[in-house]
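The file work23.cif comes next; it holds mmCIF, C-alpha atoms.
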data_input
loop_
_atom_site.label_atom_id
_atom_site.label_comp_id
_atom_site.auth_asym_id
_atom_site.auth_seq_id
_atom_site.Cartn_x
_atom_site.Cartn_y
_atom_site.Cartn_z
CA MET A 1173 -66.45 -214.38 186.79
CA ASN A 1174 -63.34 -216.04 185.30
CA THR A 1175 -60.08 -214.23 184.77
CA SER A 1176 -60.51 -213.92 180.99
CA LEU A 1177 -63.91 -212.31 181.33
CA LYS A 1178 -62.65 -209.92 184.01
CA PHE A 1179 -59.84 -208.89 181.69
CA CYS A 1180 -62.26 -208.18 178.81
CA VAL A 1181 -64.48 -206.09 181.05
CA ALA A 1182 -61.49 -204.13 182.29
CA VAL A 1183 -60.28 -203.44 178.73
CA ILE A 1184 -63.73 -202.27 177.60
CA THR A 1185 -64.08 -200.02 180.65
CA LEU A 1186 -60.63 -198.54 180.08
CA ALA A 1187 -61.44 -197.91 176.43
CA LEU A 1188 -64.63 -196.08 177.35
CA VAL A 1189 -62.72 -193.88 179.76
CA ILE A 1190 -59.79 -193.15 177.46
CA HIS A 1191 -61.66 -192.71 174.16
CA PRO A 1192 -63.27 -189.29 174.89
CA ALA A 1193 -59.94 -187.83 175.95
CA THR A 1194 -58.22 -189.30 172.94
CA SER A 1195 -60.92 -187.93 170.63
CA LYS A 1196 -60.59 -184.52 172.21
CA GLY A 1197 -56.84 -184.66 171.72
CA ASP A 1198 -57.27 -185.69 168.11
CA ALA A 1199 -59.74 -182.83 167.53
CA LYS A 1200 -57.28 -180.30 168.95
CA ALA A 1201 -54.55 -181.70 166.72
CA ASP A 1202 -56.83 -181.54 163.67
CA ALA A 1203 -57.82 -177.96 164.50
CA ALA A 1204 -54.16 -176.98 164.84
CA ARG A 1205 -53.30 -178.65 161.52
CA TYR A 1206 -56.14 -176.94 159.66
CA GLY A 1207 -55.29 -173.65 161.33
CA LYS A 1208 -51.69 -173.89 160.17
CA GLN A 1209 -52.80 -174.61 156.60
CA ALA A 1210 -55.20 -171.67 156.76
CA LEU A 1211 -52.46 -169.35 157.98
CA GLU A 1212 -50.16 -170.35 155.14
CA ALA A 1213 -52.95 -169.66 152.64
CA ALA A 1214 -53.73 -166.31 154.27
CA LYS A 1215 -50.08 -165.25 153.94
CA LYS A 1216 -50.46 -165.81 150.20
CA LYS A 1217 -53.82 -164.00 150.23
CA ASP A 1218 -55.45 -167.21 149.05
CA TRP A 1219 -58.65 -166.38 150.90
CA PRO A 1220 -60.86 -169.25 149.64
CA THR A 1221 -58.32 -171.83 150.85
CA ALA A 1222 -57.79 -169.97 154.13
CA ILE A 1223 -61.55 -169.80 154.74
CA GLU A 1224 -62.02 -173.49 153.93
CA ASN A 1225 -59.33 -174.54 156.40
CA TYR A 1226 -60.46 -172.20 159.17
CA LYS A 1227 -63.96 -173.67 158.82
CA LYS A 1228 -62.52 -177.18 159.16
CA ALA A 1229 -60.59 -176.05 162.24
CA ILE A 1230 -63.82 -174.77 163.79
CA GLN A 1231 -65.58 -178.06 163.02
CA ALA A 1232 -62.77 -179.86 164.84
CA ASP A 1233 -62.78 -177.45 167.80
CA PRO A 1234 -65.97 -175.32 167.92
CA LYS A 1235 -65.00 -173.64 171.20
CA ASP A 1236 -61.81 -171.93 170.00
CA ALA A 1237 -62.82 -168.25 169.74
CA LYS A 1238 -59.55 -167.23 168.06
CA THR A 1239 -60.28 -169.41 165.04
CA TYR A 1240 -63.61 -167.60 164.59
CA ILE A 1241 -61.67 -164.32 164.64
CA TYR A 1242 -59.22 -165.55 162.01
CA LEU A 1243 -62.08 -166.83 159.86
CA GLY A 1244 -63.79 -163.44 160.14
CA LEU A 1245 -60.60 -161.64 159.13
CA ALA A 1246 -60.24 -163.91 156.10
CA TYR A 1247 -63.84 -163.25 155.08
CA ARG A 1248 -63.34 -159.51 155.54
CA SER A 1249 -60.14 -159.54 153.49
CA SER A 1250 -62.02 -161.35 150.74
CA GLY A 1251 -64.73 -158.66 150.79
CA ASN A 1252 -67.46 -160.84 152.32
CA MET A 1253 -68.55 -158.59 155.17
CA GLU A 1254 -71.71 -160.46 156.09
CA GLU A 1255 -69.88 -163.73 156.65
CA ALA A 1256 -67.21 -161.82 158.57
CA ILE A 1257 -69.91 -160.48 160.90
CA LYS A 1258 -71.23 -164.02 161.45
CA SER A 1259 -67.74 -165.26 162.27
CA PHE A 1260 -67.07 -162.48 164.78
CA THR A 1261 -70.46 -163.19 166.34
CA GLY A 1262 -69.33 -166.81 166.65
CA ALA A 1263 -66.23 -165.64 168.50
CA ILE A 1264 -68.41 -163.68 170.93
CA GLU A 1265 -70.59 -166.72 171.54
CA ALA A 1266 -67.58 -168.99 172.02
CA ALA A 1267 -65.92 -166.60 174.51
CA PRO A 1268 -68.50 -164.13 175.85
CA LYS A 1269 -66.03 -162.55 178.28
CA ASP A 1270 -63.48 -161.65 175.58
CA VAL A 1271 -63.71 -158.33 173.75
CA ASP A 1272 -61.87 -159.23 170.53
CA GLY A 1273 -65.03 -160.39 168.79
CA TYR A 1274 -66.81 -157.15 169.66
CA LEU A 1275 -63.92 -155.01 168.40
CA GLN A 1276 -63.57 -156.89 165.13
CA ARG A 1277 -67.30 -156.86 164.54
CA ALA A 1278 -67.39 -153.11 165.28
CA SER A 1279 -64.56 -152.53 162.81
CA THR A 1280 -66.54 -154.39 160.15
CA TYR A 1281 -69.67 -152.39 160.93
CA LEU A 1282 -67.62 -149.22 160.40
CA THR A 1283 -66.58 -150.50 156.99
CA GLN A 1284 -70.25 -151.10 156.21
CA GLU A 1285 -71.12 -147.61 157.51
CA LYS A 1286 -73.41 -149.17 160.13
CA TYR A 1287 -72.38 -146.66 162.75
CA ASP A 1288 -75.06 -147.32 165.35
CA LEU A 1289 -74.16 -151.02 165.45
CA ALA A 1290 -70.48 -150.11 165.77
CA ILE A 1291 -71.33 -147.79 168.66
CA ALA A 1292 -73.27 -150.58 170.38
CA ASP A 1293 -70.37 -153.04 170.15
CA THR A 1294 -67.69 -150.57 171.24
CA SER A 1295 -69.88 -149.36 174.09
CA GLU A 1296 -70.03 -152.96 175.35
CA VAL A 1297 -66.23 -153.10 175.33
CA ILE A 1298 -65.91 -149.73 177.08
CA LYS A 1299 -68.43 -150.81 179.72
CA ARG A 1300 -66.11 -153.68 180.57
CA ASN A 1301 -62.88 -151.71 180.19
CA PRO A 1302 -63.20 -147.90 180.16
CA ASN A 1303 -59.52 -147.60 179.21
CA ASN A 1304 -59.71 -149.59 175.97
CA ALA A 1305 -58.18 -147.08 173.56
CA LEU A 1306 -59.13 -148.96 170.40
CA ALA A 1307 -62.79 -149.10 171.41
CA HIS A 1308 -62.78 -145.34 172.04
CA ARG A 1309 -61.13 -144.74 168.66
CA TYR A 1310 -63.70 -146.87 166.83
CA ARG A 1311 -66.61 -145.29 168.65
CA GLY A 1312 -65.17 -141.82 168.20
CA TYR A 1313 -64.99 -142.40 164.46
CA ALA A 1314 -68.59 -143.63 164.39
CA TYR A 1315 -69.72 -140.48 166.22
CA LEU A 1316 -67.61 -138.35 163.86
CA LYS A 1317 -69.35 -139.86 160.84
CA LYS A 1318 -72.71 -139.16 162.50
CA GLN A 1319 -71.50 -135.57 163.09
CA ASP A 1320 -71.97 -135.98 166.81
CA TRP A 1321 -68.95 -133.80 167.53
CA LYS A 1322 -69.34 -133.67 171.31
CA HIS A 1323 -69.30 -137.45 171.81
CA ALA A 1324 -66.60 -137.90 169.16
CA LEU A 1325 -64.36 -135.47 171.04
CA GLU A 1326 -64.96 -137.29 174.33
CA ASP A 1327 -63.91 -140.59 172.79
CA TYR A 1328 -60.81 -139.24 171.09
CA ASP A 1329 -59.79 -137.52 174.34
CA ALA A 1330 -60.19 -140.84 176.15
CA ALA A 1331 -58.26 -142.75 173.49
CA LEU A 1332 -55.37 -140.27 173.46
CA LYS A 1333 -55.03 -140.46 177.23
CA GLN A 1334 -53.91 -144.06 176.75
CA GLY A 1335 -51.17 -143.00 174.33
CA HIS A 1336 -50.91 -143.58 170.60
CA GLU A 1337 -48.35 -144.82 168.10
CA ASP A 1338 -49.87 -143.33 164.96
CA ARG A 1339 -51.18 -139.94 163.87
CA GLU A 1340 -54.78 -140.93 163.15
CA PRO A 1341 -56.40 -140.12 166.53
CA LEU A 1342 -54.79 -136.67 166.56
CA VAL A 1343 -55.90 -135.99 162.99
CA ARG A 1344 -59.45 -137.08 163.81
CA ARG A 1345 -59.57 -135.04 167.01
CA ALA A 1346 -58.21 -131.97 165.24
CA PHE A 1347 -60.96 -132.33 162.62
CA VAL A 1348 -63.61 -132.58 165.35
CA LEU A 1349 -62.16 -129.55 167.12
CA MET A 1350 -62.37 -127.59 163.87
CA GLN A 1351 -66.09 -128.40 163.64
CA LEU A 1352 -66.49 -127.15 167.20
CA LYS A 1353 -64.62 -123.94 166.29
CA GLU A 1354 -61.90 -124.72 168.81
CA ASN A 1355 -59.18 -123.75 166.37
CA ASP A 1356 -56.38 -123.16 168.88
CA LYS A 1357 -56.75 -126.73 170.20
CA ALA A 1358 -56.88 -128.06 166.65
CA ILE A 1359 -53.67 -126.17 165.85
CA ALA A 1360 -52.07 -127.77 168.92
CA ASP A 1361 -52.94 -131.26 167.64
CA TYR A 1362 -51.58 -130.56 164.16
CA SER A 1363 -48.47 -129.04 165.70
CA GLU A 1364 -47.87 -132.26 167.64
CA ILE A 1365 -48.15 -134.25 164.42
CA ILE A 1366 -45.73 -131.89 162.65
CA LYS A 1367 -43.29 -132.05 165.56
CA LYS A 1368 -43.09 -135.82 165.12
CA ASN A 1369 -42.95 -135.56 161.33
CA PRO A 1370 -41.97 -132.13 159.96
CA LYS A 1371 -42.68 -133.43 156.42
CA ASP A 1372 -46.35 -134.19 157.05
CA VAL A 1373 -47.85 -132.22 154.16
CA GLU A 1374 -51.46 -132.89 155.15
CA ALA A 1375 -50.93 -131.56 158.67
CA LEU A 1376 -49.03 -128.50 157.42
CA LEU A 1377 -51.81 -127.59 154.98
CA ALA A 1378 -54.49 -128.12 157.63
CA ARG A 1379 -52.62 -125.92 160.11
CA SER A 1380 -52.14 -123.20 157.48
CA TYR A 1381 -55.92 -123.17 156.97
CA LEU A 1382 -56.49 -122.76 160.69
CA TYR A 1383 -53.93 -119.96 160.89
CA GLU A 1384 -55.78 -118.27 158.01
CA ALA A 1385 -59.11 -118.64 159.85
CA LYS A 1386 -57.75 -116.84 162.89
CA GLY A 1387 -55.87 -114.17 160.95
CA GLY A 1388 -52.40 -115.60 161.45
CA PHE A 1389 -51.43 -114.98 157.85
CA ALA A 1390 -47.66 -114.97 158.36
CA LYS A 1391 -47.70 -118.35 160.08
CA GLY A 1392 -50.02 -119.73 157.40
CA ILE A 1393 -47.62 -118.54 154.69
CA GLU A 1394 -44.75 -120.18 156.58
CA ASP A 1395 -46.57 -123.53 156.57
CA CYS A 1396 -47.31 -123.19 152.85
CA ASP A 1397 -43.65 -122.48 152.19
CA LYS A 1398 -42.70 -125.66 154.05
CA VAL A 1399 -45.10 -127.66 151.90
CA LEU A 1400 -43.74 -126.10 148.71
CA SER A 1401 -40.18 -126.89 149.81
CA LEU A 1402 -41.27 -130.55 149.98
CA ASP A 1403 -43.48 -130.47 146.89
CA ALA A 1404 -42.90 -127.54 144.58
CA ASP A 1405 -45.92 -128.48 142.46
CA ASN A 1406 -48.41 -128.62 145.32
CA ALA A 1407 -51.32 -126.60 143.92
CA ASP A 1408 -53.15 -126.31 147.26
CA ALA A 1409 -50.14 -124.80 148.98
CA ALA A 1410 -49.45 -122.42 146.09
CA SER A 1411 -53.01 -121.11 145.88
CA ARG A 1412 -53.34 -120.81 149.65
CA LYS A 1413 -50.06 -118.93 149.91
CA LYS A 1414 -51.23 -116.49 147.26
CA ARG A 1415 -54.51 -115.97 149.08
CA LEU A 1416 -52.76 -115.53 152.43
CA GLN A 1417 -50.37 -112.97 150.98
CA ALA A 1418 -53.31 -111.00 149.57
CA LYS A 1419 -55.07 -111.03 152.93
CA GLN A 1420 -51.87 -110.08 154.71
CA SER A 1421 -51.47 -107.07 152.39
CA GLN A 1422 -55.05 -105.98 153.02
CA ALA A 1423 -54.62 -106.35 156.76
CA THR A 1424 -51.39 -104.34 156.87
CA PRO A 1425 -52.23 -100.66 157.24
CA ALA A 1426 -50.63 -98.33 154.69
CA PRO A 1427 -47.87 -96.17 156.17
CA SER A 1428 -49.29 -92.80 157.18
CA ALA A 1429 -47.94 -89.61 155.64
CA PRO A 1430 -45.48 -87.76 157.87
CA ALA A 1431 -47.08 -85.01 159.90
CA ALA A 1432 -46.51 -81.49 158.56
CA ALA A 1433 -43.82 -79.63 160.42
CA LYS A 1434 -45.16 -77.04 162.76
CA PRO A 1435 -43.99 -73.51 162.02
CA ALA A 1436 -41.31 -72.31 164.27
CA LYS A 1437 -42.45 -69.95 166.92
CA LEU A 1438 -41.29 -66.38 166.52
CA PRO A 1439 -38.80 -65.36 169.07
#
Would you mind writing the structure in this file as structure tokens?
Amino acid sequence: MNTSLKFCVAVITLALVIHPATSKGDAKADAARYGKQALEAAKKKDWPTAIENYKKAIQADPKDAKTYIYLGLAYRSSGNMEEAIKSFTGAIEAAPKDVDGYLQRASTYLTQEKYDLAIADTSEVIKRNPNNALAHRYRGYAYLKKQDWKHALEDYDAALKQGHEDREPLVRRAFVLMQLKENDKAIADYSEIIKKNPKDVEALLARSYLYEAKGGFAKGIEDCDKVLSLDADNADAASRKKRLQAKQSQATPAPSAPAAAKPAKLP
């Protein structure tokens, strides 16, 4: 084989070796470019453009699970829940060990009121990580909507053990506790919310109702007064205060007449 032929063979061989890697690099670059364009569109809430570009990014790199997640979020924001479900399913298939696809799909099922499917997805996450607070919150809400108070309480207890930055899990647990007639524990949850935000009208009204249920009329009136100090036109607080005052009057025994003086004994 002459030198020229050897050189041609070497070039062809090198091209065959390098081309797949180069194509892969180009695909990654294309996916990144489309992803950036999609993100810019999503910031403007231009969902059709965002969806189109995320789909192009997936065509360029079908194994990137995060792009499926972003596509699903764009579909969900546009109101297309069925396509969002398909996208989150794609994320699960692309990265079976990740839980993000399960959590996003469960969240979408909750929006669709498909509570059993949401429970199935969140249970898969909890099986892998029993301390996943978000999965417990989602599943707890699904159980709440199914009026399965016992399991809802278990999930909200588990979620709150991991800490929380917002009031929602406490509000939900307090509601569940009310259904279970555990009013003192419900009061404790509302009190924690009020401690963090003394102007939380919803929590103050809910606690006043619980105080009324257990006969704590004075404390209920106090909560109503706090609401009225924040919102003088709050009809719920005004009517509840009036009702509590009436009940308090009925519960307060009338002062008894003084006992008749005994006649003095004769010396």
Would you work out the distance separating atom CA of Asp1408 of chain A from atom CA of Phe1389 of chain A, expressed in Å to one decimal?
->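 So the answer is 15.6 Å.
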With all atoms listed in the file as the basis for distance, which of A:Trp1219, A:Tyr1315, A:Tyr1310, A:Tyr1328 is at the shortest distance from Val1343 of chain A?
-> A:Tyr1328
In the coordinate frame of the file, compute which residues have an atom within 9 Å of (-60.6, -168.5, 167.8) when using all atoms listed in the file, and state them as number ranges by chain.
-> A: 1230, 1234-1243, 1262-1263, 1266-1267
Quick one: which residues end up in the PyMOL selection byres ((chain A and resi 1331-1340) around 12) for this structure, as an NGL selection string?
-> :A and (1298 or 1302-1313 or 1324-1330 or 1341-1347 or 1361-1369 or 1372 or 1374-1375)
Find the distance between atom CA of Lys1228 of chain A and atom CA of Asn1252 of chain A and write it in Å to one decimal.
->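 So the two atoms, atom CA of Lys1228 of chain A and atom CA of Asn1252 of chain A, lie 18.4 Å apart.
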In Å, how far is it from atom CA of Val1373 of chain A to atom CA of Ala1409 of chain A?
->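 For atom CA of Val1373 of chain A relative to atom CA of Ala1409 of chain A, the distance reads 9.3 Å.
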Evaluate the PyMOL selection byres ((chain A and resi 1412) around 9) here and jot the selected residues down as number ranges by chain.
-> A: 1377, 1380-1381, 1392-1393, 1396, 1407-1411, 1413-1417
As a PDB file, in the frame of the given file, the rebuilt segment 1326-1337 of chain A with all heavy atoms:
ATOM      1  N   GLU A1326     -65.127-136.565 173.064  1.00  0.00           N
ATOM      2  CA  GLU A1326     -64.960-137.290 174.330  1.00  0.00           C
ATOM      3  C   GLU A1326     -64.217-138.595 174.115  1.00  0.00           C
ATOM      4  O   GLU A1326     -63.320-138.969 174.901  1.00  0.00           O
ATOM      5  CB  GLU A1326     -66.327-137.552 174.970  1.00  0.00           C
ATOM      6  CG  GLU A1326     -67.001-136.299 175.524  1.00  0.00           C
ATOM      7  CD  GLU A1326     -68.422-136.567 176.014  1.00  0.00           C
ATOM      8  OE1 GLU A1326     -68.895-137.723 175.869  1.00  0.00           O
ATOM      9  OE2 GLU A1326     -69.057-135.629 176.538  1.00  0.00           O
ATOM     10  N   ASP A1327     -64.566-139.309 173.044  1.00  0.00           N
ATOM     11  CA  ASP A1327     -63.910-140.590 172.790  1.00  0.00           C
ATOM     12  C   ASP A1327     -62.466-140.419 172.361  1.00  0.00           C
ATOM     13  O   ASP A1327     -61.587-141.171 172.801  1.00  0.00           O
ATOM     14  CB  ASP A1327     -64.691-141.394 171.742  1.00  0.00           C
ATOM     15  CG  ASP A1327     -65.763-142.267 172.366  1.00  0.00           C
ATOM     16  OD1 ASP A1327     -65.545-142.788 173.470  1.00  0.00           O
ATOM     17  OD2 ASP A1327     -66.830-142.421 171.753  1.00  0.00           O
ATOM     18  N   TYR A1328     -62.200-139.442 171.506  1.00  0.00           N
ATOM     19  CA  TYR A1328     -60.810-139.240 171.090  1.00  0.00           C
ATOM     20  C   TYR A1328     -59.955-138.736 172.253  1.00  0.00           C
ATOM     21  O   TYR A1328     -58.778-139.112 172.364  1.00  0.00           O
ATOM     22  CB  TYR A1328     -60.735-138.289 169.893  1.00  0.00           C
ATOM     23  CG  TYR A1328     -61.089-138.975 168.602  1.00  0.00           C
ATOM     24  CD1 TYR A1328     -62.158-138.560 167.824  1.00  0.00           C
ATOM     25  CD2 TYR A1328     -60.351-140.071 168.151  1.00  0.00           C
ATOM     26  CE1 TYR A1328     -62.493-139.211 166.633  1.00  0.00           C
ATOM     27  CE2 TYR A1328     -60.674-140.719 166.972  1.00  0.00           C
ATOM     28  CZ  TYR A1328     -61.749-140.290 166.220  1.00  0.00           C
ATOM     29  OH  TYR A1328     -62.068-140.944 165.052  1.00  0.00           O
ATOM     30  N   ASP A1329     -60.520-137.930 173.123  1.00  0.00           N
ATOM     31  CA  ASP A1329     -59.790-137.520 174.340  1.00  0.00           C
ATOM     32  C   ASP A1329     -59.439-138.744 175.179  1.00  0.00           C
ATOM     33  O   ASP A1329     -58.302-138.881 175.649  1.00  0.00           O
ATOM     34  CB  ASP A1329     -60.640-136.550 175.165  1.00  0.00           C
ATOM     35  CG  ASP A1329     -60.646-135.131 174.612  1.00  0.00           C
ATOM     36  OD1 ASP A1329     -59.798-134.823 173.749  1.00  0.00           O
ATOM     37  OD2 ASP A1329     -61.510-134.332 175.037  1.00  0.00           O
ATOM     38  N   ALA A1330     -60.416-139.639 175.352  1.00  0.00           N
ATOM     39  CA  ALA A1330     -60.190-140.840 176.150  1.00  0.00           C
ATOM     40  C   ALA A1330     -59.156-141.753 175.510  1.00  0.00           C
ATOM     41  O   ALA A1330     -58.299-142.327 176.196  1.00  0.00           O
ATOM     42  CB  ALA A1330     -61.513-141.592 176.338  1.00  0.00           C
ATOM     43  N   ALA A1331     -59.212-141.891 174.196  1.00  0.00           N
ATOM     44  CA  ALA A1331     -58.260-142.750 173.490  1.00  0.00           C
ATOM     45  C   ALA A1331     -56.840-142.194 173.608  1.00  0.00           C
ATOM     46  O   ALA A1331     -55.887-142.939 173.872  1.00  0.00           O
ATOM     47  CB  ALA A1331     -58.650-142.869 172.022  1.00  0.00           C
ATOM     48  N   LEU A1332     -56.693-140.880 173.442  1.00  0.00           N
ATOM     49  CA  LEU A1332     -55.370-140.270 173.460  1.00  0.00           C
ATOM     50  C   LEU A1332     -54.742-140.277 174.851  1.00  0.00           C
ATOM     51  O   LEU A1332     -53.515-140.230 174.984  1.00  0.00           O
ATOM     52  CB  LEU A1332     -55.440-138.854 172.894  1.00  0.00           C
ATOM     53  CG  LEU A1332     -55.618-138.810 171.365  1.00  0.00           C
ATOM     54  CD1 LEU A1332     -56.091-137.443 170.909  1.00  0.00           C
ATOM     55  CD2 LEU A1332     -54.317-139.184 170.675  1.00  0.00           C
ATOM     56  N   LYS A1333     -55.559-140.356 175.870  1.00  0.00           N
ATOM     57  CA  LYS A1333     -55.030-140.460 177.230  1.00  0.00           C
ATOM     58  C   LYS A1333     -54.243-141.751 177.423  1.00  0.00           C
ATOM     59  O   LYS A1333     -53.371-141.840 178.296  1.00  0.00           O
ATOM     60  CB  LYS A1333     -56.162-140.378 178.261  1.00  0.00           C
ATOM     61  CG  LYS A1333     -56.688-138.975 178.500  1.00  0.00           C
ATOM     62  CD  LYS A1333     -57.799-138.980 179.540  1.00  0.00           C
ATOM     63  CE  LYS A1333     -58.339-137.570 179.755  1.00  0.00           C
ATOM     64  NZ  LYS A1333     -59.458-137.567 180.736  1.00  0.00           N
ATOM     65  N   GLN A1334     -54.584-142.764 176.639  1.00  0.00           N
ATOM     66  CA  GLN A1334     -53.910-144.060 176.750  1.00  0.00           C
ATOM     67  C   GLN A1334     -52.642-144.128 175.896  1.00  0.00           C
ATOM     68  O   GLN A1334     -51.972-145.144 175.851  1.00  0.00           O
ATOM     69  CB  GLN A1334     -54.869-145.182 176.316  1.00  0.00           C
ATOM     70  CG  GLN A1334     -56.197-145.191 177.034  1.00  0.00           C
ATOM     71  CD  GLN A1334     -56.054-145.205 178.536  1.00  0.00           C
ATOM     72  OE1 GLN A1334     -55.244-145.958 179.074  1.00  0.00           O
ATOM     73  NE2 GLN A1334     -56.847-144.389 179.225  1.00  0.00           N
ATOM     74  N   GLY A1335     -52.333-143.031 175.206  1.00  0.00           N
ATOM     75  CA  GLY A1335     -51.170-143.000 174.330  1.00  0.00           C
ATOM     76  C   GLY A1335     -51.545-143.447 172.928  1.00  0.00           C
ATOM     77  O   GLY A1335     -52.627-143.982 172.697  1.00  0.00           O
ATOM     78  N   HIS A1336     -50.640-143.216 171.980  1.00  0.00           N
ATOM     79  CA  HIS A1336     -50.910-143.580 170.600  1.00  0.00           C
ATOM     80  C   HIS A1336     -49.587-143.700 169.855  1.00  0.00           C
ATOM     81  O   HIS A1336     -48.622-143.006 170.156  1.00  0.00           O
ATOM     82  CB  HIS A1336     -51.793-142.537 169.910  1.00  0.00           C
ATOM     83  CG  HIS A1336     -51.196-141.169 169.874  1.00  0.00           C
ATOM     84  ND1 HIS A1336     -50.512-140.697 168.784  1.00  0.00           N
ATOM     85  CD2 HIS A1336     -51.141-140.190 170.807  1.00  0.00           C
ATOM     86  CE1 HIS A1336     -50.075-139.470 169.038  1.00  0.00           C
ATOM     87  NE2 HIS A1336     -50.440-139.134 170.261  1.00  0.00           N
ATOM     88  N   GLU A1337     -49.551-144.600 168.881  1.00  0.00           N
ATOM     89  CA  GLU A1337     -48.350-144.820 168.100  1.00  0.00           C
ATOM     90  C   GLU A1337     -48.468-144.232 166.689  1.00  0.00           C
ATOM     91  O   GLU A1337     -47.483-144.146 165.973  1.00  0.00           O
ATOM     92  CB  GLU A1337     -48.037-146.320 168.008  1.00  0.00           C
ATOM     93  CG  GLU A1337     -47.721-146.953 169.364  1.00  0.00           C
ATOM     94  CD  GLU A1337     -47.436-148.429 169.251  1.00  0.00           C
ATOM     95  OE1 GLU A1337     -47.517-148.952 168.120  1.00  0.00           O
ATOM     96  OE2 GLU A1337     -47.129-149.053 170.280  1.00  0.00           O
TER      97      GLU A1337
END
